[in-house]
Structure formats: structure tokens, C-alpha cells
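Inspection log for the structure reproduced underneath, given as C-alpha cells.
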Amino acid sequence: MNLVETENLKKFFDSKKGTVKAVNDVSINVIKGETLGVVGESGCGKTTLGRTILKLIKPTSGKIYFDGKDITNLDGEDMRSLRKKMNIVFQDPVSALNPQMTVYDHLNRPLVIHNMVDSEEEKLRRMVDILNTMGLKAEHLIRYPHELSGGQKQRVCIARALCLEPDFLVLDEPTSALDVSVQSKILKLLDRAKRKFKVSYMFISHNINLVRAISDRLGVMYLGKLVEIGDSTDIFNEPKHPYTQALFKSVPQPDPDEKVEAPLTGQVPSPVNPPEGCAFAPRCPRSQSVCERDNPDLIEAYGRKIACHRYK
Ligand SMILES: Nc1ncnc2c1ncn2[C@@H]1O[C@H](COP(=O)(O)OP(=O)(O)OP(=O)(O)O)[C@@H](O)[C@H]1O
Ligand SMILES: [Mg+2]
């Protein structure tokens, strides 16, 4: 059962150089209860996809469904009540928190705006419960951001995102600004919160090993497009799209016998004038003439979906 689904979603930006095709015809789904990892090189459109799905930015075209309902053109009061159900955690907890506000203030604001609690007692109970789930204590409520470590700040941001009991969270590189030693702790806490609050995640990262640790399914993006999506273990064990293979090859692998075909060479083409055919063709070791002419559709193959002429 899909919690979130997009259909041919596009988000283009106008820039001096031309139209930036940041998200270019993406049909992707997040199943209830899962963590969908989204990977791809810098600039491939991961953040734009997450923000567009949450309607933080307006899609250029295509559809967005949430819990089976078309939310593409939702606004006003309907959109306000939907805001409670979906939220985002950004990469940098320092700029996400107000230095003048305590942890209590940060959690209080959404609870009050959305009328989530009837009494101060209930509010405190809920705040402490969420802080505890994120490995923090009641005493942290009176702390200011500068009194917290980087990891604690990000745990406060996650607690704030969770306090409205959302169904869906976009986690946009939530641990990239933190030390490696803190990252795995946060992943564990996120996993605990997911089970406790029955929330589904879209976990965006360019750190392949982190995504591998947390994802049930994996989506791989290249230049605004989804090129492979399926069960995370399957894709990690046997990446099929030449881009996925190259992407995995370009990071240290836990298993040195991993079958991969070629490391990633050359530059990502510009999203302003993406190539006519497959966007990966100019860098692809398996490119044929058809690849430069036609953009491959995402089709079912090997128990997943792949956009590559090799698998037609
Ligand atoms: N507001 C904007 N105006 C113009 N171009 C934008 C805007 N936001 C994003 N872009 C462009 O859209 C493309 C996708 O950007 P996006 O931030 O979604 O990529 P990303 O995959 O999240 O990258 P990273 O891994 O670096 O965070 C990039 O070329 C970026 O420069
Ligand atoms: Mg990003």
C-alpha cells in the first residue's frame, strides 16, 4: 500500500542559463511503513524531489498522491491539515534551530499551531516521550541550541519533526553534517522512532553505506530522473543499471567481490540542457546508439524497475 506516490512529477527552475530540469518526469512511491532510500550524485534532484512531494515548492507538472488522495493542487485549510502528516528534516541542524529558543520552545511551536494538545501536562508528556525516543531527556527541554552537541541538535530537529505524529518524513541528508561516530547512533534512533510512531521515511543521502544500512527499498536518481528502484538488498547485491553499478563502485565496498562493471568517470551533464536520450549515455561504458537517441522508460525487470535500454 502506497503512502506517497508521484506520477510523472516535474520540477523545473528558470535560471539565467535556461530551464533547470531538476526533477524530470519522476514516478516514485513510498510504501507505508518503509524507509525508501534515495541516492545519486550532488545536483541530481534529490532535495528538489523531497521538497516537491511535500508541496514546499510547487510542481511544474505531474501528480502527487498522499494516502491515495491527489494532493497536487491542494491548498488553504486542506493543505494546512495535511502539513501535520508530513514533514522534513534538513541536513544542517545549526541553521534549522533558532539560537534564541530553547528545546521546549522548538517543540512547543508546532504543537500549539496545530492544536495538538489540550493541557500543559499532556504537552510535556508528549515532548518528553519524543525526546526519550530520540535518546534525549526531559532536562534537555530547557537547553538552548549552543548548549547541545551537533548530534543532539539534529536529534532535537527530528523530535520536532516527529512531535505532530506525522505519517511521512523526508530526511534530507540528516547526518551529513555530523561526525561518522554520531551517524550510526542517529540511524538507530531513527529506526526506533519509525517503529514507535509508525512513520514512513524517504531517506535522502549521497552516502551509499548509510543508505544501505537504513533502507528497505532504494531509488537511484541521475540528472533529475529515477534510473533504478527496488528492494535495497537486491540492488546492493546486484545493481543492474550501469549508473547504479558505477555509483557503488565509486565508494568503498564492504564486500570486495561485489560485481560491478566500471567506476564513475566524466562529469554529470548540465540539468539545463540534459542530453536527448539517456542522460547517463555520455558516461556509460555500455552505451549504444539507441541510448543517445531515446530516453529509456522505467520498466519492470529483475524484480525491480530499471530505466536502461539493455533491459528492454
Ligand atoms: N531554487 C532553485 N533555483 C534554481 N535551480 C535550482 C533550485 N533548487 C535547485 N536547483 C537546481 O536543481 C538541480 C537539483 O538540485 P537539488 O538540490 O535537488 O540536488 P540534490 O540531489 O539534492 O544535490 P545535493 O546532493 O548536492 O544536495 C541542481 O542543478 C540545482 O542547482
Ligand atoms: Mg540535496
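FYI, nothing fancy with the C-alpha cells labels: chains A, B, ... in order, residues from 1 per chain, ligands from 1 as they appear.
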Between chain A and ligand 1, at 7 Å or less, what are the per-residue closest atom pairs and their distances in Å? Count only C-alpha atoms and all ligand atoms, order by chain and rising residue number, and return it as a Markdown table.
```
| residue | atom | partner | partner_atom_place_in_ligand_line | distance |
| --- | --- | --- | --- | --- |
| A:Phe13 | CA | ligand 1 | 4 (C) | 4.9 |
| A:Asp14 | CA | ligand 1 | 4 (C) | 6.3 |
| A:Ser15 | CA | ligand 1 | 4 (C) | 5.9 |
| A:Val20 | CA | ligand 1 | 5 (N) | 5.9 |
| A:Lys21 | CA | ligand 1 | 12 (O) | 6.7 |
| A:Ala22 | CA | ligand 1 | 12 (O) | 4.1 |
| A:Gly40 | CA | ligand 1 | 21 (O) | 6.4 |
| A:Glu41 | CA | ligand 1 | 25 (O) | 5.8 |
| A:Ser42 | CA | ligand 1 | 25 (O) | 3.4 |
| A:Gly43 | CA | ligand 1 | 19 (O) | 3.4 |
| A:Cys44 | CA | ligand 1 | 21 (O) | 4.0 |
| A:Gly45 | CA | ligand 1 | 18 (O) | 3.3 |
| A:Lys46 | CA | ligand 1 | 21 (O) | 3.8 |
| A:Thr47 | CA | ligand 1 | 22 (O) | 3.6 |
| A:Thr48 | CA | ligand 1 | 18 (O) | 3.7 |
| A:Leu49 | CA | ligand 1 | 18 (O) | 6.4 |
| A:Ser205 | CA | ligand 1 | 25 (O) | 7.0 |
| A:His206 | CA | ligand 1 | 25 (O) | 6.1 |
| A:Pro271 | CA | ligand 1 | 29 (O) | 5.7 |
```
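By chain and then residue number, the residues within 8 Å of Ala159 of chain A are Leu107, Ile130, Leu131, Met134, Arg155, Val156, Leu162 and Cys163 of chain A, counting only C-alpha atoms and disregarding those fewer than 3 positions away in sequence.
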Which residues of segment 1-65 of chain A have any atom within 12 Å of an atom in segment 207-216 of chain A when counting only C-alpha atoms, and what is the closest pair of atoms for each, with the distance in Å to one decimal? Order the rows by chain and rising number and write it as a Markdown table.
```
| residue | atom | partner | partner_atom | distance |
| --- | --- | --- | --- | --- |
| A:Val30 | CA | A:Asp216 | CA | 10.3 |
| A:Ile31 | CA | A:Asp216 | CA | 9.7 |
| A:Lys32 | CA | A:Asp216 | CA | 11.3 |
| A:Gly33 | CA | A:Asp216 | CA | 9.6 |
| A:Glu34 | CA | A:Asp216 | CA | 6.0 |
| A:Thr35 | CA | A:Ser215 | CA | 5.0 |
| A:Leu36 | CA | A:Ser215 | CA | 5.5 |
| A:Gly37 | CA | A:Ser215 | CA | 5.1 |
| A:Val38 | CA | A:Val211 | CA | 7.8 |
| A:Val39 | CA | A:Ile208 | CA | 7.1 |
| A:Gly40 | CA | A:Ile208 | CA | 8.8 |
| A:Glu41 | CA | A:Asn207 | CA | 9.5 |
| A:Ser42 | CA | A:Asn207 | CA | 10.8 |
```
Write the residues you've just listed into a file as an mmCIF file, in the first residue's frame, and include C-alpha atoms for each of them.
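Heads up, here's the output in result08.cif:
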```cif
data_model
loop_
_atom_site.group_PDB
_atom_site.id
_atom_site.type_symbol
_atom_site.label_atom_id
_atom_site.label_comp_id
_atom_site.auth_asym_id
_atom_site.auth_seq_id
_atom_site.Cartn_x
_atom_site.Cartn_y
_atom_site.Cartn_z
ATOM 1 C CA VAL A 30 6.875 5.198 -0.759
ATOM 2 C CA ILE A 31 5.166 2.157 0.749
ATOM 3 C CA LYS A 32 3.517 2.515 4.171
ATOM 4 C CA GLY A 33 5.963 1.695 6.941
ATOM 5 C CA GLU A 34 9.084 1.560 4.815
ATOM 6 C CA THR A 35 12.263 3.556 4.532
ATOM 7 C CA LEU A 36 12.891 4.429 0.922
ATOM 8 C CA GLY A 37 16.493 5.460 0.372
ATOM 9 C CA VAL A 38 17.142 7.967 -2.418
ATOM 10 C CA VAL A 39 20.705 8.204 -3.709
ATOM 11 C CA GLY A 40 22.521 9.954 -6.517
ATOM 12 C CA GLU A 41 25.308 12.447 -7.064
ATOM 13 C CA SER A 42 25.110 16.066 -5.973
#
```
| query | Residues of segment 10-125 of chain A in helix (DSSP H, G or I) according to DSSP, as a PyMOL selection string? | reply | chain A and resi 46-53+76-83+93-96+103-113+120-125
| message | At a cut-off of 9 Å, using only C-alpha atoms, what residues contact Val26 of chain A? Leave out same-chain residues fewer than 3 positions from it and give the result as a ChimeraX atom specification. | response | /A:6-10,23,49,62,224-226
